[in-house]
>>> print(open('entry-v4.pdb').read())   # PDB, C-alpha atoms
ATOM      1  CA  ALA H   1      12.164   4.871 -17.528  1.00  0.00           C
ATOM      2  CA  GLN H   2       9.000   5.908 -15.818  1.00  0.00           C
ATOM      3  CA  SER H   3       8.397   9.125 -13.933  1.00  0.00           C
ATOM      4  CA  VAL H   4       5.488  10.764 -12.161  1.00  0.00           C
ATOM      5  CA  THR H   5       4.824  14.436 -11.542  1.00  0.00           C
ATOM      6  CA  GLN H   6       2.455  15.868  -8.993  1.00  0.00           C
ATOM      7  CA  LEU H   7       1.971  19.428 -10.076  1.00  0.00           C
ATOM      8  CA  ASP H   8       0.893  20.879  -6.741  1.00  0.00           C
ATOM      9  CA  SER H   9       2.865  20.476  -3.520  1.00  0.00           C
ATOM     10  CA  GLN H  10      -0.021  21.885  -1.451  1.00  0.00           C
ATOM     11  CA  VAL H  11      -3.735  22.310  -2.131  1.00  0.00           C
ATOM     12  CA  PRO H  12      -5.986  24.284   0.248  1.00  0.00           C
ATOM     13  CA  VAL H  13      -9.716  23.541  -0.051  1.00  0.00           C
ATOM     14  CA  PHE H  14     -12.735  24.580   1.975  1.00  0.00           C
ATOM     15  CA  GLU H  15     -14.633  21.826   3.744  1.00  0.00           C
ATOM     16  CA  GLU H  16     -17.427  20.342   1.621  1.00  0.00           C
ATOM     17  CA  ALA H  17     -15.898  21.769  -1.568  1.00  0.00           C
ATOM     18  CA  PRO H  18     -14.711  19.511  -4.409  1.00  0.00           C
ATOM     19  CA  VAL H  19     -11.024  18.824  -4.933  1.00  0.00           C
ATOM     20  CA  GLU H  20      -8.792  17.579  -7.726  1.00  0.00           C
ATOM     21  CA  LEU H  21      -5.193  16.527  -7.131  1.00  0.00           C
ATOM     22  CA  ARG H  22      -3.222  16.371 -10.340  1.00  0.00           C
ATOM     23  CA  CYS H  23      -0.845  13.635 -11.433  1.00  0.00           C
ATOM     24  CA  ASN H  24       0.937  13.198 -14.746  1.00  0.00           C
ATOM     25  CA  TYR H  25       3.211  10.342 -15.683  1.00  0.00           C
ATOM     26  CA  SER H  26       5.614   9.474 -18.464  1.00  0.00           C
ATOM     27  CA  SER H  27       6.339   6.009 -19.768  1.00  0.00           C
ATOM     28  CA  SER H  28       7.013   4.323 -23.094  1.00  0.00           C
ATOM     29  CA  VAL H  29       5.239   1.139 -21.976  1.00  0.00           C
ATOM     30  CA  SER H  30       1.951   0.257 -20.317  1.00  0.00           C
ATOM     31  CA  VAL H  31       1.743   1.222 -16.671  1.00  0.00           C
ATOM     32  CA  TYR H  32      -0.133   0.578 -13.473  1.00  0.00           C
ATOM     33  CA  LEU H  33      -1.150   3.710 -11.564  1.00  0.00           C
ATOM     34  CA  PHE H  34      -1.846   4.207  -7.881  1.00  0.00           C
ATOM     35  CA  TRP H  35      -2.869   6.831  -5.369  1.00  0.00           C
ATOM     36  CA  TYR H  36      -1.748   6.446  -1.774  1.00  0.00           C
ATOM     37  CA  VAL H  37      -2.744   8.554   1.237  1.00  0.00           C
ATOM     38  CA  GLN H  38      -0.585   9.289   4.266  1.00  0.00           C
ATOM     39  CA  TYR H  39      -2.345  10.627   7.342  1.00  0.00           C
ATOM     40  CA  PRO H  40      -0.205  12.534   9.867  1.00  0.00           C
ATOM     41  CA  ASN H  41       2.388  10.327  11.566  1.00  0.00           C
ATOM     42  CA  GLN H  42       1.233   7.201   9.764  1.00  0.00           C
ATOM     43  CA  GLY H  43       2.398   4.991   6.907  1.00  0.00           C
ATOM     44  CA  LEU H  44       0.975   5.052   3.388  1.00  0.00           C
ATOM     45  CA  GLN H  45      -2.308   3.398   2.612  1.00  0.00           C
ATOM     46  CA  LEU H  46      -3.667   2.532  -0.821  1.00  0.00           C
ATOM     47  CA  LEU H  47      -6.578   4.736  -1.957  1.00  0.00           C
ATOM     48  CA  LEU H  48      -7.120   3.242  -5.386  1.00  0.00           C
ATOM     49  CA  LYS H  49      -5.347   1.659  -8.328  1.00  0.00           C
ATOM     50  CA  TYR H  50      -5.646   1.385 -12.080  1.00  0.00           C
ATOM     51  CA  LEU H  51      -4.394  -1.830 -13.636  1.00  0.00           C
ATOM     52  CA  SER H  52      -6.566  -2.133 -16.752  1.00  0.00           C
ATOM     53  CA  GLY H  53     -10.181  -1.918 -17.900  1.00  0.00           C
ATOM     54  CA  SER H  54     -12.463   0.981 -16.986  1.00  0.00           C
ATOM     55  CA  THR H  55     -10.609   4.267 -16.918  1.00  0.00           C
ATOM     56  CA  LEU H  56     -12.654   5.569 -13.984  1.00  0.00           C
ATOM     57  CA  VAL H  57     -11.478   3.983 -10.768  1.00  0.00           C
ATOM     58  CA  LYS H  58     -13.281   4.320  -7.455  1.00  0.00           C
ATOM     59  CA  GLY H  59     -11.399   4.042  -4.191  1.00  0.00           C
ATOM     60  CA  ILE H  60     -11.947   4.303  -0.479  1.00  0.00           C
ATOM     61  CA  ASN H  61     -13.334   7.337   1.366  1.00  0.00           C
ATOM     62  CA  GLY H  62     -15.262   8.630  -1.678  1.00  0.00           C
ATOM     63  CA  PHE H  63     -12.212   9.268  -3.860  1.00  0.00           C
ATOM     64  CA  GLU H  64     -12.024   8.431  -7.535  1.00  0.00           C
ATOM     65  CA  ALA H  65      -9.469   8.863 -10.309  1.00  0.00           C
ATOM     66  CA  GLU H  66      -9.594   8.817 -14.074  1.00  0.00           C
ATOM     67  CA  PHE H  67      -6.893   7.340 -16.257  1.00  0.00           C
ATOM     68  CA  ASN H  68      -6.374   9.431 -19.379  1.00  0.00           C
ATOM     69  CA  LYS H  69      -3.874   7.764 -21.679  1.00  0.00           C
ATOM     70  CA  SER H  70      -3.760  10.547 -24.278  1.00  0.00           C
ATOM     71  CA  GLN H  71      -2.960  13.145 -21.616  1.00  0.00           C
ATOM     72  CA  THR H  72      -0.863  10.726 -19.540  1.00  0.00           C
ATOM     73  CA  SER H  73      -2.760  11.794 -16.454  1.00  0.00           C
ATOM     74  CA  PHE H  74      -4.339  10.121 -13.437  1.00  0.00           C
ATOM     75  CA  HIS H  75      -5.989  12.927 -11.474  1.00  0.00           C
ATOM     76  CA  LEU H  76      -7.613  12.217  -8.117  1.00  0.00           C
ATOM     77  CA  ARG H  77     -11.007  13.749  -7.301  1.00  0.00           C
ATOM     78  CA  LYS H  78     -13.503  13.953  -4.491  1.00  0.00           C
ATOM     79  CA  PRO H  79     -16.803  15.835  -4.811  1.00  0.00           C
ATOM     80  CA  SER H  80     -16.960  17.003  -1.185  1.00  0.00           C
ATOM     81  CA  VAL H  81     -14.022  16.942   1.216  1.00  0.00           C
ATOM     82  CA  HIS H  82     -14.056  16.628   5.003  1.00  0.00           C
ATOM     83  CA  ILE H  83     -11.615  17.671   7.703  1.00  0.00           C
ATOM     84  CA  SER H  84     -10.643  14.007   8.011  1.00  0.00           C
ATOM     85  CA  ASP H  85      -9.236  14.119   4.450  1.00  0.00           C
ATOM     86  CA  THR H  86      -6.336  16.268   5.651  1.00  0.00           C
ATOM     87  CA  ALA H  87      -3.316  14.235   4.588  1.00  0.00           C
ATOM     88  CA  GLU H  88      -0.569  13.927   2.031  1.00  0.00           C
ATOM     89  CA  TYR H  89      -1.456  12.169  -1.205  1.00  0.00           C
ATOM     90  CA  PHE H  90       1.038  10.333  -3.382  1.00  0.00           C
ATOM     91  CA  CYS H  91       0.601   9.306  -6.988  1.00  0.00           C
ATOM     92  CA  ALA H  92       2.694   6.340  -8.115  1.00  0.00           C
ATOM     93  CA  VAL H  93       3.461   4.441 -11.313  1.00  0.00           C
ATOM     94  CA  SER H  94       4.925   1.062 -12.139  1.00  0.00           C
ATOM     95  CA  VAL H  95       5.539  -0.886 -15.334  1.00  0.00           C
ATOM     96  CA  ALA H  96       2.490  -3.011 -16.126  1.00  0.00           C
ATOM     97  CA  SER H  97       4.296  -6.281 -16.612  1.00  0.00           C
ATOM     98  CA  ARG H  98       6.861  -5.796 -13.888  1.00  0.00           C
ATOM     99  CA  ASP H  99       5.451  -4.327 -10.759  1.00  0.00           C
ATOM    100  CA  ASP H 100       8.544  -4.946  -8.646  1.00  0.00           C
ATOM    101  CA  LYS H 101       9.432  -1.280  -8.605  1.00  0.00           C
ATOM    102  CA  ILE H 102       7.062   1.586  -8.085  1.00  0.00           C
ATOM    103  CA  ILE H 103       7.944   5.237  -8.585  1.00  0.00           C
ATOM    104  CA  PHE H 104       6.302   7.704  -6.232  1.00  0.00           C
ATOM    105  CA  GLY H 105       5.557  11.347  -6.896  1.00  0.00           C
ATOM    106  CA  LYS H 106       6.704  13.963  -4.424  1.00  0.00           C
ATOM    107  CA  GLY H 107       3.286  14.226  -2.818  1.00  0.00           C
ATOM    108  CA  THR H 108       0.504  16.789  -2.520  1.00  0.00           C
ATOM    109  CA  ARG H 109      -0.493  18.026   0.899  1.00  0.00           C
ATOM    110  CA  LEU H 110      -4.244  18.582   1.138  1.00  0.00           C
ATOM    111  CA  HIS H 111      -5.277  21.269   3.629  1.00  0.00           C
ATOM    112  CA  ILE H 112      -8.964  21.389   4.503  1.00  0.00           C
ATOM    113  CA  LEU H 113     -10.101  24.843   5.568  1.00  0.00           C
ATOM    114  CA  PRO H 114     -13.091  25.174   7.936  1.00  0.00           C
TER     115      PRO H 114
ATOM    116  CA  ASN U   1      -3.084  -9.797  12.683  1.00  0.00           C
ATOM    117  CA  ALA U   2      -0.716  -6.894  13.350  1.00  0.00           C
ATOM    118  CA  GLY U   3       0.089  -6.179   9.672  1.00  0.00           C
ATOM    119  CA  VAL U   4       3.459  -4.490   9.157  1.00  0.00           C
ATOM    120  CA  THR U   5       5.281  -3.325  12.285  1.00  0.00           C
ATOM    121  CA  GLN U   6       8.510  -1.360  12.598  1.00  0.00           C
ATOM    122  CA  THR U   7      10.938  -1.125  15.499  1.00  0.00           C
ATOM    123  CA  PRO U   8      11.934   1.377  16.827  1.00  0.00           C
ATOM    124  CA  LYS U   9       9.525   4.261  16.186  1.00  0.00           C
ATOM    125  CA  PHE U  10      12.125   6.950  16.892  1.00  0.00           C
ATOM    126  CA  ARG U  11      15.907   6.985  17.195  1.00  0.00           C
ATOM    127  CA  VAL U  12      18.647   9.568  17.498  1.00  0.00           C
ATOM    128  CA  LEU U  13      22.180   8.575  16.488  1.00  0.00           C
ATOM    129  CA  LYS U  14      25.525  10.300  16.452  1.00  0.00           C
ATOM    130  CA  THR U  15      27.528  10.366  13.231  1.00  0.00           C
ATOM    131  CA  GLY U  16      29.427   7.118  12.835  1.00  0.00           C
ATOM    132  CA  GLN U  17      27.178   5.005  15.042  1.00  0.00           C
ATOM    133  CA  SER U  18      25.469   1.917  13.710  1.00  0.00           C
ATOM    134  CA  MET U  19      21.971   0.601  14.119  1.00  0.00           C
ATOM    135  CA  THR U  20      19.447  -1.850  12.731  1.00  0.00           C
ATOM    136  CA  LEU U  21      15.825  -1.157  11.921  1.00  0.00           C
ATOM    137  CA  LEU U  22      13.465  -4.112  12.117  1.00  0.00           C
ATOM    138  CA  CYS U  23      10.431  -4.657   9.924  1.00  0.00           C
ATOM    139  CA  ALA U  24       8.104  -7.540  10.695  1.00  0.00           C
ATOM    140  CA  GLN U  25       4.968  -8.734   8.909  1.00  0.00           C
ATOM    141  CA  ASP U  26       2.583 -11.497   9.894  1.00  0.00           C
ATOM    142  CA  MET U  27       0.746 -11.785   6.574  1.00  0.00           C
ATOM    143  CA  ASN U  28       3.054 -14.372   4.982  1.00  0.00           C
ATOM    144  CA  HIS U  29       4.063 -11.849   2.314  1.00  0.00           C
ATOM    145  CA  GLU U  30       6.846 -12.721  -0.113  1.00  0.00           C
ATOM    146  CA  TYR U  31       7.894  -9.202  -1.060  1.00  0.00           C
ATOM    147  CA  MET U  32       9.295  -6.678   1.384  1.00  0.00           C
ATOM    148  CA  TYR U  33      10.672  -3.174   0.838  1.00  0.00           C
ATOM    149  CA  TRP U  34      12.515  -0.418   2.634  1.00  0.00           C
ATOM    150  CA  TYR U  35      11.860   3.209   1.628  1.00  0.00           C
ATOM    151  CA  ARG U  36      13.025   6.523   2.929  1.00  0.00           C
ATOM    152  CA  GLN U  37      10.833   9.612   2.902  1.00  0.00           C
ATOM    153  CA  ASP U  38      12.333  13.092   2.820  1.00  0.00           C
ATOM    154  CA  PRO U  39      10.463  16.416   2.559  1.00  0.00           C
ATOM    155  CA  GLY U  40       9.562  17.222  -1.040  1.00  0.00           C
ATOM    156  CA  MET U  41      11.123  13.976  -2.301  1.00  0.00           C
ATOM    157  CA  GLY U  42       8.317  11.451  -1.984  1.00  0.00           C
ATOM    158  CA  LEU U  43       9.379   7.891  -1.179  1.00  0.00           C
ATOM    159  CA  ARG U  44      12.577   6.409  -2.534  1.00  0.00           C
ATOM    160  CA  LEU U  45      13.353   2.713  -2.536  1.00  0.00           C
ATOM    161  CA  ILE U  46      16.471   1.695  -0.617  1.00  0.00           C
ATOM    162  CA  HIS U  47      16.460  -2.118  -0.866  1.00  0.00           C
ATOM    163  CA  TYR U  48      13.888  -4.797  -1.417  1.00  0.00           C
ATOM    164  CA  SER U  49      13.420  -8.541  -1.191  1.00  0.00           C
ATOM    165  CA  VAL U  50      11.348 -10.892  -3.333  1.00  0.00           C
ATOM    166  CA  GLY U  51      11.538 -13.777  -0.890  1.00  0.00           C
ATOM    167  CA  GLU U  52      13.318 -15.274   2.099  1.00  0.00           C
ATOM    168  CA  GLY U  53      17.064 -15.190   1.639  1.00  0.00           C
ATOM    169  CA  THR U  54      16.985 -12.694  -1.243  1.00  0.00           C
ATOM    170  CA  THR U  55      17.769  -8.983  -1.361  1.00  0.00           C
ATOM    171  CA  ALA U  56      18.238  -6.427  -4.132  1.00  0.00           C
ATOM    172  CA  LYS U  57      19.269  -2.793  -4.430  1.00  0.00           C
ATOM    173  CA  GLY U  58      16.753  -0.070  -4.995  1.00  0.00           C
ATOM    174  CA  GLU U  59      17.143   3.546  -6.028  1.00  0.00           C
ATOM    175  CA  VAL U  60      19.260   4.790  -3.083  1.00  0.00           C
ATOM    176  CA  PRO U  61      21.116   1.783  -1.551  1.00  0.00           C
ATOM    177  CA  ASP U  62      24.431   3.423  -0.597  1.00  0.00           C
ATOM    178  CA  GLY U  63      25.182   3.419   3.128  1.00  0.00           C
ATOM    179  CA  TYR U  64      22.587   0.731   3.897  1.00  0.00           C
ATOM    180  CA  ASN U  65      22.586  -3.051   4.101  1.00  0.00           C
ATOM    181  CA  VAL U  66      19.668  -5.445   4.457  1.00  0.00           C
ATOM    182  CA  SER U  67      18.990  -9.037   5.376  1.00  0.00           C
ATOM    183  CA  ARG U  68      15.979 -11.336   4.984  1.00  0.00           C
ATOM    184  CA  LEU U  69      16.927 -14.429   6.977  1.00  0.00           C
ATOM    185  CA  LYS U  70      13.308 -15.142   7.878  1.00  0.00           C
ATOM    186  CA  LYS U  71      10.326 -14.573   5.605  1.00  0.00           C
ATOM    187  CA  GLN U  72       8.537 -12.396   8.142  1.00  0.00           C
ATOM    188  CA  ASN U  73      11.464 -10.065   8.926  1.00  0.00           C
ATOM    189  CA  PHE U  74      13.394  -7.565   6.829  1.00  0.00           C
ATOM    190  CA  LEU U  75      16.246  -5.767   8.569  1.00  0.00           C
ATOM    191  CA  LEU U  76      17.787  -2.484   7.454  1.00  0.00           C
ATOM    192  CA  GLY U  77      21.257  -1.707   8.760  1.00  0.00           C
ATOM    193  CA  LEU U  78      23.274   1.476   8.885  1.00  0.00           C
ATOM    194  CA  GLU U  79      26.919   0.619   9.501  1.00  0.00           C
ATOM    195  CA  SER U  80      28.173   4.188   9.970  1.00  0.00           C
ATOM    196  CA  ALA U  81      25.377   6.717  10.201  1.00  0.00           C
ATOM    197  CA  ALA U  82      25.671  10.094   8.463  1.00  0.00           C
ATOM    198  CA  PRO U  83      23.522  13.222   8.828  1.00  0.00           C
ATOM    199  CA  SER U  84      22.297  12.673   5.244  1.00  0.00           C
ATOM    200  CA  GLN U  85      20.545   9.560   6.522  1.00  0.00           C
ATOM    201  CA  THR U  86      18.243  11.613   8.727  1.00  0.00           C
ATOM    202  CA  SER U  87      14.855  10.618   7.379  1.00  0.00           C
ATOM    203  CA  VAL U  88      11.657   8.726   8.003  1.00  0.00           C
ATOM    204  CA  TYR U  89      12.014   5.071   7.022  1.00  0.00           C
ATOM    205  CA  PHE U  90       9.058   3.020   5.892  1.00  0.00           C
ATOM    206  CA  CYS U  91       8.857  -0.694   5.430  1.00  0.00           C
ATOM    207  CA  ALA U  92       6.272  -2.273   3.135  1.00  0.00           C
ATOM    208  CA  SER U  93       5.265  -5.777   2.152  1.00  0.00           C
ATOM    209  CA  ARG U  94       2.944  -7.523  -0.261  1.00  0.00           C
ATOM    210  CA  ILE U  95       2.004 -11.060  -1.126  1.00  0.00           C
ATOM    211  CA  ASN U  96       2.724 -10.852  -4.865  1.00  0.00           C
ATOM    212  CA  VAL U  97       3.118  -8.351  -7.706  1.00  0.00           C
ATOM    213  CA  ALA U  98      -0.630  -8.255  -8.394  1.00  0.00           C
ATOM    214  CA  GLU U  99      -1.453  -6.966  -4.919  1.00  0.00           C
ATOM    215  CA  PRO U 100      -0.822  -3.557  -3.333  1.00  0.00           C
ATOM    216  CA  ARG U 101       1.859  -2.838  -0.791  1.00  0.00           C
ATOM    217  CA  PHE U 102       1.035  -2.593   2.918  1.00  0.00           C
ATOM    218  CA  PHE U 103       3.101   0.010   4.716  1.00  0.00           C
ATOM    219  CA  GLY U 104       4.359   0.102   8.279  1.00  0.00           C
ATOM    220  CA  PRO U 105       3.963   3.199  10.513  1.00  0.00           C
ATOM    221  CA  GLY U 106       7.524   4.412   9.960  1.00  0.00           C
ATOM    222  CA  THR U 107      10.722   4.996  11.937  1.00  0.00           C
ATOM    223  CA  ARG U 108      11.916   8.549  12.403  1.00  0.00           C
ATOM    224  CA  LEU U 109      15.719   8.598  12.481  1.00  0.00           C
ATOM    225  CA  THR U 110      17.845  11.622  13.289  1.00  0.00           C
ATOM    226  CA  VAL U 111      21.618  11.553  12.826  1.00  0.00           C
ATOM    227  CA  LEU U 112      23.479  14.339  14.591  1.00  0.00           C
TER     228      LEU U 112
END
>>> encode(input="entry-v4.pdb", output="structure tokens")
Amino acid sequence: AQSVTQLDSQVPVFEEAPVELRCNYSSSVSVYLFWYVQYPNQGLQLLLKYLSGSTLVKGINGFEAEFNKSQTSFHLRKPSVHISDTAEYFCAVSVASRDDKIIFGKGTRLHILP
Amino acid sequence: NAGVTQTPKFRVLKTGQSMTLLCAQDMNHEYMYWYRQDPGMGLRLIHYSVGEGTTAKGEVPDGYNVSRLKKQNFLLGLESAAPSQTSVYFCASRINVAEPRFFGPGTRLTVL
């Protein structure tokens, strides 16, 4: 079975500072990895995904993530955050050949400090 | 193109009452999903459908039923609501397994 762990439930960051949101997964088979963002009172929206190929994945709004198979990690990064990045971020994993079911992490709430 | 819409946005029920949540998508998507989101729990899959007329159980199906009579609609029913079903419910859809899910705006349900 697959599982995903987001190590931080909340991350406070000053505006214009860099941020890294951590995500680790466990699986005995190949996986697809995703980051979703949920702005206040809205549904989830896909930030980026890793299916195969280059381990560095670029997404919307200046975010990127790096797939590290040896460390089973898929950390999300942004070099300079803005107030508008205030949201909850969810890492998710699914089995590569069967993407019917996706397992979500518990989420990391990003607080941008002025 | 409205995407994924959910009706209602908010609802308060008394224990034992029943209700149906409606999810509609106008993107001709085959796959549709119902999730619940609870604080500190992330999203958990309740039921899903891989096409019109099909449904399957997810991670937390107990106390819920679903129907997919039309391709564009996926209904989630609570026959006898319990306080443990207080949650925010999200519907999602996608065209196939190679594409990402599109999520609706959510329905906030409170069971007293």
>>> atom_distance(input="entry-v4.pdb", atom1="atom CA of H:Tyr89", atom2="atom CA of U:Asn28")
27.6 Å
>>> atom_distance(input="entry-v4.pdb", atom1="atom CA of U:Ala82", atom2="atom CA of H:Ile103")
25.1 Å
>>> residues_around(input="entry-v4.pdb", residues="H:Asn68", least_positions_apart="2", cutoff="12 Å", atoms="only C-alpha atoms", output="JSON, numbers by chain")
{"H": [22, 23, 24, 25, 31, 33, 50, 52, 54, 55, 56, 57, 65, 66, 70, 71, 72, 73, 74, 75, 76]}
>>> write_last_selection(input="entry-v4.pdb", atoms="C-alpha atoms", output="CSV table (one decimal), in the coordinates of the input")
chain,number,residue,atom,x,y,z
H,22,ARG,CA,-3.2,16.4,-10.3
H,23,CYS,CA,-0.8,13.6,-11.4
H,24,ASN,CA,0.9,13.2,-14.7
H,25,TYR,CA,3.2,10.3,-15.7
H,31,VAL,CA,1.7,1.2,-16.7
H,33,LEU,CA,-1.2,3.7,-11.6
H,50,TYR,CA,-5.6,1.4,-12.1
H,52,SER,CA,-6.6,-2.1,-16.8
H,54,SER,CA,-12.5,1.0,-17.0
H,55,THR,CA,-10.6,4.3,-16.9
H,56,LEU,CA,-12.7,5.6,-14.0
H,57,VAL,CA,-11.5,4.0,-10.8
H,65,ALA,CA,-9.5,8.9,-10.3
H,66,GLU,CA,-9.6,8.8,-14.1
H,70,SER,CA,-3.8,10.5,-24.3
H,71,GLN,CA,-3.0,13.1,-21.6
H,72,THR,CA,-0.9,10.7,-19.5
H,73,SER,CA,-2.8,11.8,-16.5
H,74,PHE,CA,-4.3,10.1,-13.4
H,75,HIS,CA,-6.0,12.9,-11.5
H,76,LEU,CA,-7.6,12.2,-8.1
>>> closest_residue(input="entry-v4.pdb", among="H:Leu46, H:Val4, H:Leu113, H:Val19", to="H:Lys58", atoms="all atoms listed in the file")
H:Leu46
>>> closest_atom_pairs(input="entry-v4.pdb", of="chain H", to="chain U", cutoff="8 Å", atoms="all atoms listed in the file", output="JSON lines")
{"residue": "H:Ser9", "atom": "CA", "partner": "U:Gly40", "partner_atom": "CA", "distance": 7.8}
{"residue": "H:Asn41", "atom": "CA", "partner": "U:Pro105", "partner_atom": "CA", "distance": 7.4}
{"residue": "H:Gln42", "atom": "CA", "partner": "U:Pro105", "partner_atom": "CA", "distance": 4.9}
{"residue": "H:Gly43", "atom": "CA", "partner": "U:Pro105", "partner_atom": "CA", "distance": 4.3}
{"residue": "H:Leu44", "atom": "CA", "partner": "U:Phe103", "partner_atom": "CA", "distance": 5.6}
{"residue": "H:Gln45", "atom": "CA", "partner": "U:Phe103", "partner_atom": "CA", "distance": 6.7}
{"residue": "H:Leu46", "atom": "CA", "partner": "U:Pro100", "partner_atom": "CA", "distance": 7.2}
{"residue": "H:Phe90", "atom": "CA", "partner": "U:Gly42", "partner_atom": "CA", "distance": 7.5}
{"residue": "H:Arg98", "atom": "CA", "partner": "U:Val97", "partner_atom": "CA", "distance": 7.7}
{"residue": "H:Asp99", "atom": "CA", "partner": "U:Val97", "partner_atom": "CA", "distance": 5.6}
{"residue": "H:Asp100", "atom": "CA", "partner": "U:Val97", "partner_atom": "CA", "distance": 6.5}
{"residue": "H:Ile103", "atom": "CA", "partner": "U:Arg44", "partner_atom": "CA", "distance": 7.7}
{"residue": "H:Phe104", "atom": "CA", "partner": "U:Leu43", "partner_atom": "CA", "distance": 5.9}
{"residue": "H:Gly105", "atom": "CA", "partner": "U:Gly42", "partner_atom": "CA", "distance": 5.6}
{"residue": "H:Lys106", "atom": "CA", "partner": "U:Gly42", "partner_atom": "CA", "distance": 3.9}
{"residue": "H:Gly107", "atom": "CA", "partner": "U:Gly42", "partner_atom": "CA", "distance": 5.8}
>>> closest_residue(input="entry-v4.pdb", among="H:Ala87, H:Leu51, H:Val81, H:Ile102", to="H:Gln38", atoms="all atoms listed in the file")
H:Ala87
>>> residues_around(input="entry-v4.pdb", residues="stretch 11-15 of chain H", least_positions_apart="4", cutoff="8 Å", atoms="only C-alpha atoms", output="JSON, numbers by chain")
{"H": [19, 21, 80, 81, 82, 83, 108, 109, 110, 111, 112, 113, 114]}
>>> resolve_selection(input="entry-v4.pdb", expression="the PyMOL selection byres ((chain U and resi 69) around 7)", output="PyMOL selection string")
chain U and resi 52-53+67-68+70-71
>>> atom_distance(input="entry-v4.pdb", atom1="atom CA of U:Pro83", atom2="atom CA of U:Gln17")
10.9 Å
>>> residues_around(input="entry-v4.pdb", residues="U:His47", least_positions_apart="4", cutoff="8 Å", atoms="all atoms listed in the file", output="ChimeraX atom specification")
/U:33-35,55-61,65-66
>>> residues_near_point(input="entry-v4.pdb", point="(-10.8, 6.0, -0.9)", cutoff="10 Å", atoms="only C-alpha atoms", output="PDB file with C-alpha atoms, in the coordinates of the input")
ATOM      1  CA  TRP H  35      -2.869   6.831  -5.369  1.00  0.00           C
ATOM      2  CA  TYR H  36      -1.748   6.446  -1.774  1.00  0.00           C
ATOM      3  CA  VAL H  37      -2.744   8.554   1.237  1.00  0.00           C
ATOM      4  CA  GLN H  45      -2.308   3.398   2.612  1.00  0.00           C
ATOM      5  CA  LEU H  46      -3.667   2.532  -0.821  1.00  0.00           C
ATOM      6  CA  LEU H  47      -6.578   4.736  -1.957  1.00  0.00           C
ATOM      7  CA  LEU H  48      -7.120   3.242  -5.386  1.00  0.00           C
ATOM      8  CA  LYS H  58     -13.281   4.320  -7.455  1.00  0.00           C
ATOM      9  CA  GLY H  59     -11.399   4.042  -4.191  1.00  0.00           C
ATOM     10  CA  ILE H  60     -11.947   4.303  -0.479  1.00  0.00           C
ATOM     11  CA  ASN H  61     -13.334   7.337   1.366  1.00  0.00           C
ATOM     12  CA  GLY H  62     -15.262   8.630  -1.678  1.00  0.00           C
ATOM     13  CA  PHE H  63     -12.212   9.268  -3.860  1.00  0.00           C
ATOM     14  CA  GLU H  64     -12.024   8.431  -7.535  1.00  0.00           C
ATOM     15  CA  ALA H  65      -9.469   8.863 -10.309  1.00  0.00           C
ATOM     16  CA  LYS H  78     -13.503  13.953  -4.491  1.00  0.00           C
ATOM     17  CA  ASP H  85      -9.236  14.119   4.450  1.00  0.00           C
TER      18      ASP H  85
END
>>> resolve_selection(input="entry-v4.pdb", expression="the PyMOL selection byres ((chain H and resi 2) around 7)", output="PyMOL selection string")
chain H and resi 1+3+26-27
>>> resolve_selection(input="entry-v4.pdb", expression="the PyMOL selection byres ((chain U and resi 20) around 12)", output="JSON, numbers by chain")
{"U": [6, 7, 8, 11, 13, 17, 18, 19, 21, 22, 23, 64, 65, 66, 67, 74, 75, 76, 77, 78, 79, 80, 81, 89, 107, 109]}
